[in-house]
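> What follows is upload03.pdb, PDB, C-alpha atoms.
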ATOM      1  CA  MET A   2     116.922  94.287 116.317
ATOM      2  CA  LYS A   3     120.672  94.324 116.948
ATOM      3  CA  PRO A   4     122.729  97.166 115.410
ATOM      4  CA  LEU A   5     125.019  95.833 112.705
ATOM      5  CA  ASN A   6     127.960  98.021 113.689
ATOM      6  CA  ALA A   7     127.925  96.454 117.137
ATOM      7  CA  THR A   8     128.270  93.036 115.566
ATOM      8  CA  LEU A   9     131.093  94.234 113.352
ATOM      9  CA  ALA A  10     132.949  95.477 116.396
ATOM     10  CA  LEU A  11     132.803  91.964 117.811
ATOM     11  CA  ALA A  12     134.071  90.293 114.645
ATOM     12  CA  PRO A  13     137.714  89.234 115.124
ATOM     13  CA  VAL A  14     140.135  90.713 112.604
ATOM     14  CA  ALA A  15     141.647  87.418 111.587
ATOM     15  CA  THR A  16     141.332  85.079 108.630
ATOM     16  CA  SER A  17     141.470  81.623 110.170
ATOM     17  CA  ASP A  18     138.398  79.426 109.746
ATOM     18  CA  ALA A  19     138.104  79.017 113.506
ATOM     19  CA  ALA A  20     138.140  82.761 114.159
ATOM     20  CA  ILE A  21     135.586  83.471 111.456
ATOM     21  CA  ARG A  22     133.258  80.747 112.717
ATOM     22  CA  LEU A  23     133.372  82.323 116.159
ATOM     23  CA  SER A  24     132.064  85.604 114.782
ATOM     24  CA  PRO A  25     128.258  86.036 114.683
ATOM     25  CA  PHE A  26     128.510  88.126 111.538
ATOM     26  CA  PRO A  27     128.239  85.355 108.855
ATOM     27  CA  ALA A  28     125.192  83.843 110.551
ATOM     28  CA  GLN A  29     123.689  87.308 110.871
ATOM     29  CA  LEU A  30     124.176  87.948 107.159
ATOM     30  CA  ALA A  31     122.599  84.595 106.340
ATOM     31  CA  ALA A  32     119.599  85.457 108.503
ATOM     32  CA  LEU A  33     119.247  88.771 106.703
ATOM     33  CA  ALA A  34     119.497  87.086 103.288
ATOM     34  CA  ASP A  35     116.791  84.624 104.355
ATOM     35  CA  ARG A  36     114.604  87.474 105.639
ATOM     36  CA  SER A  37     115.067  89.403 102.378
ATOM     37  CA  LEU A  38     113.957  86.415 100.305
ATOM     38  CA  ARG A  39     110.890  85.949 102.494
ATOM     39  CA  LEU A  40     109.940  89.627 102.326
ATOM     40  CA  GLU A  41     110.142  89.428  98.531
ATOM     41  CA  ILE A  42     107.552  86.631  98.627
ATOM     42  CA  GLU A  43     105.434  88.602 101.137
ATOM     43  CA  THR A  44     105.039  91.429  98.616
ATOM     44  CA  TRP A  45     101.968  91.908  96.394
ATOM     45  CA  PRO A  46     101.135  92.925  93.742
ATOM     46  CA  LYS A  47     104.351  92.087  91.875
ATOM     47  CA  PRO A  48     103.512  91.715  88.173
ATOM     48  CA  GLY A  49     103.560  88.059  87.152
ATOM     49  CA  LEU A  50     105.536  86.939  90.193
ATOM     50  CA  VAL A  51     104.808  84.409  92.923
ATOM     51  CA  SER A  52     103.668  85.882  96.238
ATOM     52  CA  HIS A  53     101.790  84.893  99.368
ATOM     53  CA  ILE A  54      98.597  85.900  97.541
ATOM     54  CA  ASP A  55      98.894  83.902  94.311
ATOM     55  CA  ASN A  56     101.291  82.055  92.003
ATOM     56  CA  GLY A  57     101.509  84.765  89.371
ATOM     57  CA  SER A  58     102.433  83.373  85.953
ATOM     58  CA  HIS A  59     103.743  80.103  87.411
ATOM     59  CA  THR A  60     102.130  76.685  87.641
ATOM     60  CA  ASP A  61     105.062  74.760  89.138
ATOM     61  CA  MET A  62     105.730  76.812  92.276
ATOM     62  CA  ASP A  63     103.989  78.739  95.037
ATOM     63  CA  ALA A  64     104.935  80.732  98.123
ATOM     64  CA  ASP A  65     105.613  77.595 100.158
ATOM     65  CA  THR A  66     108.038  76.380  97.478
ATOM     66  CA  PHE A  67     109.995  79.603  97.911
ATOM     67  CA  ARG A  68     109.902  79.368 101.691
ATOM     68  CA  ARG A  69     111.291  75.824 101.644
ATOM     69  CA  SER A  70     113.976  76.968  99.265
ATOM     70  CA  ALA A  71     114.923  79.946 101.455
ATOM     71  CA  THR A  72     115.295  77.672 104.478
ATOM     72  CA  ALA A  73     117.469  75.217 102.536
ATOM     73  CA  ILE A  74     119.901  77.789 101.144
ATOM     74  CA  ARG A  75     120.256  79.970 104.240
ATOM     75  CA  PRO A  76     123.388  78.208 105.621
ATOM     76  CA  PHE A  77     125.217  78.719 102.342
ATOM     77  CA  PHE A  78     124.996  82.497 102.652
ATOM     78  CA  ALA A  79     126.955  82.210 105.903
ATOM     79  CA  GLU A  80     129.517  80.047 104.096
ATOM     80  CA  LEU A  81     129.834  82.667 101.371
ATOM     81  CA  ALA A  82     130.366  85.404 103.973
ATOM     82  CA  GLN A  83     133.082  83.267 105.562
ATOM     83  CA  ALA A  84     134.666  82.704 102.151
ATOM     84  CA  GLY A  85     134.692  86.442 101.501
ATOM     85  CA  ALA A  86     136.325  86.995 104.880
ATOM     86  CA  ARG A  87     139.049  84.543 103.785
ATOM     87  CA  ASN A  88     139.490  86.592 100.606
ATOM     88  CA  ALA A  89     138.511  83.517  98.601
ATOM     89  CA  ALA A  90     138.697  83.470  94.814
ATOM     90  CA  MET A  91     135.698  82.979  92.543
ATOM     91  CA  PRO A  92     136.085  79.182  92.166
ATOM     92  CA  ALA A  93     135.607  78.765  95.938
ATOM     93  CA  LEU A  94     132.497  80.968  95.883
ATOM     94  CA  ARG A  95     131.168  79.082  92.887
ATOM     95  CA  LYS A  96     131.575  75.756  94.675
ATOM     96  CA  ILE A  97     129.504  77.009  97.618
ATOM     97  CA  GLY A  98     126.902  78.406  95.239
ATOM     98  CA  LEU A  99     126.553  75.063  93.475
ATOM     99  CA  GLY A 100     126.013  73.422  96.853
ATOM    100  CA  ALA A 101     123.255  75.937  97.539
ATOM    101  CA  GLU A 102     121.639  75.137  94.190
ATOM    102  CA  ARG A 103     121.633  71.430  94.977
ATOM    103  CA  ALA A 104     120.022  72.119  98.348
ATOM    104  CA  MET A 105     117.429  74.334  96.654
ATOM    105  CA  LEU A 106     116.516  71.694  94.071
ATOM    106  CA  THR A 107     116.242  69.033  96.768
ATOM    107  CA  ALA A 108     113.930  71.234  98.838
ATOM    108  CA  THR A 109     111.721  72.181  95.899
ATOM    109  CA  GLY A 110     111.554  68.865  94.043
ATOM    110  CA  GLY A 111     113.676  70.170  91.198
ATOM    111  CA  VAL A 112     112.115  73.618  90.796
ATOM    112  CA  ASN A 113     114.449  76.577  90.262
ATOM    113  CA  THR A 114     113.173  79.146  92.744
ATOM    114  CA  HIS A 115     116.322  81.015  93.771
ATOM    115  CA  ARG A 116     119.233  80.358  91.396
ATOM    116  CA  GLY A 117     119.531  84.050  90.558
ATOM    117  CA  ALA A 118     119.204  85.049  94.206
ATOM    118  CA  ILE A 119     121.868  82.542  95.265
ATOM    119  CA  PHE A 120     124.189  84.174  92.751
ATOM    120  CA  GLY A 121     123.408  87.818  93.554
ATOM    121  CA  LEU A 122     122.788  87.659  97.309
ATOM    122  CA  GLY A 123     125.643  85.189  97.651
ATOM    123  CA  LEU A 124     128.114  87.618  96.101
ATOM    124  CA  LEU A 125     126.845  90.424  98.316
ATOM    125  CA  CYS A 126     127.352  88.223 101.394
ATOM    126  CA  ALA A 127     130.881  87.407 100.260
ATOM    127  CA  ALA A 128     131.575  91.107  99.742
ATOM    128  CA  ALA A 129     130.198  91.912 103.208
ATOM    129  CA  GLY A 130     132.490  89.273 104.703
ATOM    130  CA  ALA A 131     135.497  90.711 102.873
ATOM    131  CA  ARG A 132     134.658  94.237 104.007
ATOM    132  CA  ALA A 133     134.041  93.235 107.622
ATOM    133  CA  ILE A 134     137.419  91.556 107.966
ATOM    134  CA  GLY A 135     139.375  94.348 106.257
ATOM    135  CA  HIS A 136     139.985  92.840 102.807
ATOM    136  CA  ALA A 137     138.058  95.654 101.126
ATOM    137  CA  ASP A 138     137.799  99.420 101.419
ATOM    138  CA  PRO A 139     135.097 100.083 104.041
ATOM    139  CA  ASP A 140     133.865 103.048 102.001
ATOM    140  CA  LEU A 141     133.043 100.911  98.956
ATOM    141  CA  THR A 142     129.561  99.600  98.342
ATOM    142  CA  LEU A 143     129.141  95.841  98.377
ATOM    143  CA  GLY A 144     128.509  95.974  94.644
ATOM    144  CA  ALA A 145     131.771  97.801  94.024
ATOM    145  CA  ILE A 146     133.599  95.184  96.098
ATOM    146  CA  VAL A 147     132.055  92.397  94.013
ATOM    147  CA  ALA A 148     133.165  94.107  90.801
ATOM    148  CA  ARG A 149     136.680  94.790  92.093
ATOM    149  CA  HIS A 150     137.322  91.375  93.656
ATOM    150  CA  TRP A 151     135.513  88.989  91.335
ATOM    151  CA  GLY A 152     134.225  90.919  88.303
ATOM    152  CA  LYS A 153     136.631  89.513  85.713
ATOM    153  CA  ASP A 154     136.195  85.961  86.936
ATOM    154  CA  ILE A 155     132.408  86.316  86.914
ATOM    155  CA  LEU A 156     132.494  87.165  83.200
ATOM    156  CA  ALA A 157     135.089  84.506  82.397
ATOM    157  CA  GLY A 158     133.458  81.725  84.404
ATOM    158  CA  PRO A 159     131.691  78.617  83.080
ATOM    159  CA  ARG A 160     128.365  79.132  81.367
ATOM    160  CA  LEU A 161     125.169  77.106  81.132
ATOM    161  CA  PRO A 162     124.529  77.283  77.361
ATOM    162  CA  TYR A 163     120.912  76.136  77.590
ATOM    163  CA  SER A 164     119.846  78.299  80.540
ATOM    164  CA  HIS A 165     117.163  80.904  79.958
ATOM    165  CA  GLY A 166     119.607  83.722  80.683
ATOM    166  CA  GLU A 167     122.263  82.468  78.280
ATOM    167  CA  ARG A 168     119.707  81.949  75.514
ATOM    168  CA  ALA A 169     118.339  85.454  76.025
ATOM    169  CA  GLY A 170     121.881  86.813  75.917
ATOM    170  CA  ARG A 171     122.584  85.094  72.617
ATOM    171  CA  ASN A 172     119.264  85.995  71.037
ATOM    172  CA  TYR A 173     118.856  89.565  72.267
ATOM    173  CA  GLY A 174     122.268  90.717  73.485
ATOM    174  CA  ALA A 175     121.121  91.098  77.092
ATOM    175  CA  GLY A 176     123.893  91.004  79.673
ATOM    176  CA  GLY A 177     121.828  89.290  82.340
ATOM    177  CA  ALA A 178     122.803  88.545  85.923
ATOM    178  CA  ARG A 179     126.444  87.867  85.058
ATOM    179  CA  ARG A 180     127.020  91.318  83.568
ATOM    180  CA  GLU A 181     124.976  92.954  86.338
ATOM    181  CA  ALA A 182     127.220  91.436  89.002
ATOM    182  CA  ALA A 183     130.476  92.072  87.169
ATOM    183  CA  ASP A 184     129.533  95.755  86.841
ATOM    184  CA  GLY A 185     128.810  96.069  90.564
ATOM    185  CA  PHE A 186     125.004  95.696  90.415
ATOM    186  CA  PRO A 187     124.137  99.074  88.830
ATOM    187  CA  SER A 188     120.433  98.197  88.677
ATOM    188  CA  LEU A 189     120.478  97.645  92.431
ATOM    189  CA  TYR A 190     122.274 100.867  93.332
ATOM    190  CA  GLU A 191     120.992 103.197  90.623
ATOM    191  CA  ILE A 192     117.388 102.009  90.301
ATOM    192  CA  GLY A 193     116.150  99.686  93.042
ATOM    193  CA  LEU A 194     117.591 101.318  96.135
ATOM    194  CA  PRO A 195     116.702 104.896  95.122
ATOM    195  CA  ALA A 196     113.140 103.737  94.390
ATOM    196  CA  LEU A 197     112.926 101.995  97.750
ATOM    197  CA  ARG A 198     114.086 105.143  99.545
ATOM    198  CA  GLU A 199     111.757 107.414  97.560
ATOM    199  CA  ALA A 200     108.865 105.099  98.347
ATOM    200  CA  GLY A 201     109.490 105.781 102.013
ATOM    201  CA  ARG A 202     108.256 109.302 101.291
ATOM    202  CA  LEU A 203     105.356 108.173  99.090
ATOM    203  CA  ALA A 204     104.103 105.494 101.479
ATOM    204  CA  PRO A 205     105.568 106.190 104.929
ATOM    205  CA  GLY A 206     105.255 103.261 107.279
ATOM    206  CA  ASP A 207     104.086 100.825 104.578
ATOM    207  CA  GLU A 208     107.099  98.638 103.821
ATOM    208  CA  GLU A 209     105.171  96.369 101.464
ATOM    209  CA  ALA A 210     104.194  99.377  99.349
ATOM    210  CA  GLN A 211     107.817 100.490  99.328
ATOM    211  CA  ARG A 212     108.899  97.081  98.017
ATOM    212  CA  VAL A 213     106.188  97.213  95.335
ATOM    213  CA  GLN A 214     107.509 100.599  94.184
ATOM    214  CA  ALA A 215     111.056  99.261  93.952
ATOM    215  CA  CYS A 216     109.852  96.195  92.052
ATOM    216  CA  PHE A 217     108.037  98.308  89.463
ATOM    217  CA  ALA A 218     111.053 100.589  89.074
ATOM    218  CA  LEU A 219     113.262  97.567  88.388
ATOM    219  CA  ILE A 220     110.820  96.075  85.882
ATOM    220  CA  ALA A 221     110.623  99.422  84.079
ATOM    221  CA  ALA A 222     114.382  99.687  83.588
ATOM    222  CA  VAL A 223     116.039  96.269  83.601
ATOM    223  CA  GLU A 224     116.467  94.099  80.501
ATOM    224  CA  ASP A 225     115.143  91.089  82.376
ATOM    225  CA  THR A 226     116.232  87.874  80.671
ATOM    226  CA  ASN A 227     113.286  86.037  82.230
ATOM    227  CA  LEU A 228     110.916  88.376  80.415
ATOM    228  CA  LEU A 229     112.891  87.943  77.192
ATOM    229  CA  HIS A 230     112.717  84.173  77.566
ATOM    230  CA  ARG A 231     108.956  84.129  78.137
ATOM    231  CA  GLY A 232     107.816  86.956  75.878
ATOM    232  CA  GLY A 233     110.658  87.989  73.605
ATOM    233  CA  LEU A 234     111.270  91.657  72.888
ATOM    234  CA  ASP A 235     107.543  92.354  72.681
ATOM    235  CA  GLY A 236     107.037  90.882  76.152
ATOM    236  CA  LEU A 237     109.922  92.874  77.594
ATOM    237  CA  ARG A 238     108.678  96.126  76.070
ATOM    238  CA  PHE A 239     105.109  95.490  77.265
ATOM    239  CA  ALA A 240     106.385  94.842  80.789
ATOM    240  CA  GLN A 241     108.611  97.908  80.849
ATOM    241  CA  HIS A 242     105.905 100.176  79.441
ATOM    242  CA  SER A 243     103.326  98.901  81.941
ATOM    243  CA  ALA A 244     105.672  99.448  84.871
ATOM    244  CA  ARG A 245     106.665 102.922  83.693
ATOM    245  CA  ASP A 246     103.021 103.878  83.287
ATOM    246  CA  PHE A 247     102.322 102.841  86.884
ATOM    247  CA  LEU A 248     105.269 104.912  88.109
ATOM    248  CA  ASP A 249     104.326 107.907  85.943
ATOM    249  CA  GLN A 250     100.839 107.866  87.467
ATOM    250  CA  GLY A 251     102.388 108.278  90.911
ATOM    251  CA  GLY A 252     103.311 104.714  91.824
ATOM    252  CA  VAL A 253     102.377 103.805  95.369
ATOM    253  CA  GLY A 254     101.649 107.463  95.993
ATOM    254  CA  GLN A 255      98.346 107.035  94.143
ATOM    255  CA  THR A 256      95.218 106.832  96.252
ATOM    256  CA  ASP A 257      94.239 103.500  94.710
ATOM    257  CA  TRP A 258      97.713 102.232  93.899
ATOM    258  CA  ARG A 259      97.044  98.624  94.880
ATOM    259  CA  ARG A 260      94.172  98.285  92.410
ATOM    260  CA  ALA A 261      96.307  99.758  89.631
ATOM    261  CA  ALA A 262      99.253  97.477  90.463
ATOM    262  CA  ALA A 263      96.967  94.426  90.649
ATOM    263  CA  ALA A 264      95.573  95.179  87.185
ATOM    264  CA  ILE A 265      99.099  95.206  85.776
ATOM    265  CA  HIS A 266      99.878  92.017  87.663
ATOM    266  CA  HIS A 267      96.923  90.254  86.048
ATOM    267  CA  SER A 268      97.908  91.531  82.610
ATOM    268  CA  PHE A 269     101.318  89.898  83.081
ATOM    269  CA  VAL A 270      99.673  86.647  84.172
ATOM    270  CA  THR A 271      97.482  86.664  81.062
ATOM    271  CA  ARG A 272     100.632  86.921  78.927
ATOM    272  CA  ARG A 273     102.560  84.431  81.116
ATOM    273  CA  LEU A 274     105.242  87.052  81.800
ATOM    274  CA  SER A 275     107.387  86.792  84.917
ATOM    275  CA  PRO A 276     110.207  89.276  85.671
ATOM    276  CA  GLY A 277     112.279  86.911  87.805
ATOM    277  CA  GLY A 278     115.374  89.089  87.527
ATOM    278  CA  ALA A 279     113.492  91.981  89.112
ATOM    279  CA  ALA A 280     112.385  89.689  91.943
ATOM    280  CA  ASP A 281     116.004  88.713  92.662
ATOM    281  CA  LEU A 282     117.076  92.342  92.586
ATOM    282  CA  LEU A 283     114.219  93.294  94.913
ATOM    283  CA  ALA A 284     115.450  90.810  97.519
ATOM    284  CA  MET A 285     118.946  92.229  97.094
ATOM    285  CA  CYS A 286     117.580  95.752  97.582
ATOM    286  CA  VAL A 287     115.975  94.730 100.872
ATOM    287  CA  PHE A 288     119.241  93.099 101.949
ATOM    288  CA  VAL A 289     121.458  96.115 101.175
ATOM    289  CA  HIS A 290     118.922  98.655 102.426
ATOM    290  CA  THR A 291     118.769  96.883 105.777
ATOM    291  CA  LEU A 292     122.548  96.741 106.026
ATOM    292  CA  GLU A 293     122.744 100.448 105.242
ATOM    293  CA  ARG A 294     120.411 101.173 108.146
ATOM    294  CA  GLY A 295     122.479  98.957 110.444
ATOM    295  CA  GLU A 296     119.499  96.768 111.298
ATOM    296  CA  ALA A 297     120.513  93.210 110.433
ATOM    297  CA  ARG A 298     118.748  90.796 112.758
TER     298      ARG A 298
END
Taking this structure as input, can you express it in the form of structure tokens?


Amino acid sequence: MKPLNATLALAPVATSDAAIRLSPFPAQLAALADRSLRLEIETWPKPGLVSHIDNGSHTDMDADTFRRSATAIRPFFAELAQAGARNAAMPALRKIGLGAERAMLTATGGVNTHRGAIFGLGLLCAAAGARAIGHADPDLTLGAIVARHWGKDILAGPRLPYSHGERAGRNYGAGGARREAADGFPSLYEIGLPALREAGRLAPGDEEAQRVQACFALIAAVEDTNLLHRGGLDGLRFAQHSARDFLDQGGVGQTDWRRAAAAIHHSFVTRRLSPGGAADLLAMCVFVHTLERGEAR
């Protein structure tokens, strides 16, 4: 595993396309984004979500669908890092993101596996590119860079009026992924990452358990528009209460935590609930946590 700071030292401080392509950093970020998406799939139990064990509440996708999608969109994360290093505006990032969505849909036969992850991880890659090349304060988090550089344009950008997230926003007032990004990903930095770090104490050496803990913490706190779409307010409240109860009982620090988490997982499947926003945020947590430790592959 190559230290990230060593790679940063090799990155040329220049903004030409040729110079940025010569740097290994964008490809390294793309590899880390790909790895984060795959680790999210290799995590179980995640209530209602697809994993390597089962399909959760879904009938149109499985773990292999997600793996094909991750492979297809990986190059676009490098493009987004390069765009951030060029200090590109939001329309340029959006164009790359739409290309990633087309590649995803081609790879999955039209199934939306990673639209939210393309958006969130893509912005984090762009922010990392901007920070690496000197366009952003090196002391800022990637989320803060996203908010400062592109926050207003994220909120003002084109909307998909019939998407699940937009419908949930209209019906329930949820901010969704757009507001989360524009605000600098508070759920990532204030909920997911602290839970991931705390889980290192609860389940030392068990990285899957640590990801499960972070996933439950996110479900307990986030107004997930996927849950609102599938279950309305009652579904969201059931999901949040179930996740909080698991955490209050000790989370992955419980002796039989996997059985308890699996029971909650099956209760979500029975109700056809799927917290897709939490899954996207979990992958983002893995991405940022790895960068913080300087261990990008």

> From the options A:Ala182, A:Leu50, A:Leu234, A:Ala84, which residue's atoms come nearest to Val213 of chain A, counting all atoms listed in the file?

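That would be A:Leu50, the residue with the smallest distance to Val213 of chain A.
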
> Got a sec to resolve the PyMOL selection byres ((chain A and resi 31) around 8) on this structure and send the residues as a list in words?

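Selected by the PyMOL selection byres ((chain A and resi 31) around 8) in this file: Pro27, Ala28, Gln29, Leu30, Ala32, Leu33, Ala34, Asp35, Arg75, Pro76, Phe77, Phe78, Ala79 and Cys126 of chain A.
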
> Just the number, please: distance in Å from atom CA of Gly152 of chain A to atom CA of Gly185 of chain A, one decimal.

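These two atoms are separated by 7.8 Å.
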
> List the neighbours of Leu81 of chain A out to 10 Å using all atoms listed in the file; skip same-chain residues closer than 3 positions along the sequence, and give me the result as a PDB file with C-alpha atoms, keeping the file's coordinate frame.


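Result saved to selection_11.pdb:
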ATOM      1  CA  PRO A  27     128.239  85.355 108.855  1.00  0.00           C
ATOM      2  CA  LEU A  30     124.176  87.948 107.159  1.00  0.00           C
ATOM      3  CA  ALA A  31     122.599  84.595 106.340  1.00  0.00           C
ATOM      4  CA  PRO A  76     123.388  78.208 105.621  1.00  0.00           C
ATOM      5  CA  PHE A  77     125.217  78.719 102.342  1.00  0.00           C
ATOM      6  CA  PHE A  78     124.996  82.497 102.652  1.00  0.00           C
ATOM      7  CA  ALA A  84     134.666  82.704 102.151  1.00  0.00           C
ATOM      8  CA  GLY A  85     134.692  86.442 101.501  1.00  0.00           C
ATOM      9  CA  ALA A  86     136.325  86.995 104.880  1.00  0.00           C
ATOM     10  CA  ARG A  87     139.049  84.543 103.785  1.00  0.00           C
ATOM     11  CA  ALA A  89     138.511  83.517  98.601  1.00  0.00           C
ATOM     12  CA  ALA A  93     135.607  78.765  95.938  1.00  0.00           C
ATOM     13  CA  LEU A  94     132.497  80.968  95.883  1.00  0.00           C
ATOM     14  CA  ARG A  95     131.168  79.082  92.887  1.00  0.00           C
ATOM     15  CA  LYS A  96     131.575  75.756  94.675  1.00  0.00           C
ATOM     16  CA  ILE A  97     129.504  77.009  97.618  1.00  0.00           C
ATOM     17  CA  GLY A  98     126.902  78.406  95.239  1.00  0.00           C
ATOM     18  CA  LEU A 122     122.788  87.659  97.309  1.00  0.00           C
ATOM     19  CA  GLY A 123     125.643  85.189  97.651  1.00  0.00           C
ATOM     20  CA  LEU A 124     128.114  87.618  96.101  1.00  0.00           C
ATOM     21  CA  LEU A 125     126.845  90.424  98.316  1.00  0.00           C
ATOM     22  CA  CYS A 126     127.352  88.223 101.394  1.00  0.00           C
ATOM     23  CA  ALA A 127     130.881  87.407 100.260  1.00  0.00           C
ATOM     24  CA  ALA A 128     131.575  91.107  99.742  1.00  0.00           C
ATOM     25  CA  ALA A 129     130.198  91.912 103.208  1.00  0.00           C
ATOM     26  CA  GLY A 130     132.490  89.273 104.703  1.00  0.00           C
ATOM     27  CA  ALA A 131     135.497  90.711 102.873  1.00  0.00           C
TER      28      ALA A 131
END

> From the set A:Phe239, A:Phe120, A:Phe247, A:Trp258, which residue has the shortest atom-to-atom contact distance to Ala218 of chain A, counting all atoms listed in the file?

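When distances to Ala218 of chain A are compared using all atoms listed in the file, the smallest one comes from A:Phe247.
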
> Can you spell out as a list in words the set of residues that the PyMOL selection byres ((chain A and resi 106) around 12) selects in the structure I just provided?

Thr66, Phe67, Arg69, Ser70, Ala71, Ala73, Ile74, Leu99, Gly100, Ala101, Glu102, Arg103, Ala104, Met105, Thr107, Ala108, Thr109, Gly110, Gly111, Val112, Asn113, Thr114, His115 and Arg116 of chain A

> Could you list, as number ranges by chain, every residue matched by the PyMOL selection byres ((chain A and resi 191-193) around 10) in this structure?

A: 186-190, 194-199, 212, 214-223, 279, 282-287, 290

> Quick one: residues within 12 Å of (132.6, 85.1, 82.0) (file frame), counting all atoms listed in the file, please, as a PyMOL selection string.

chain A and resi 91+151-161+167+176-183
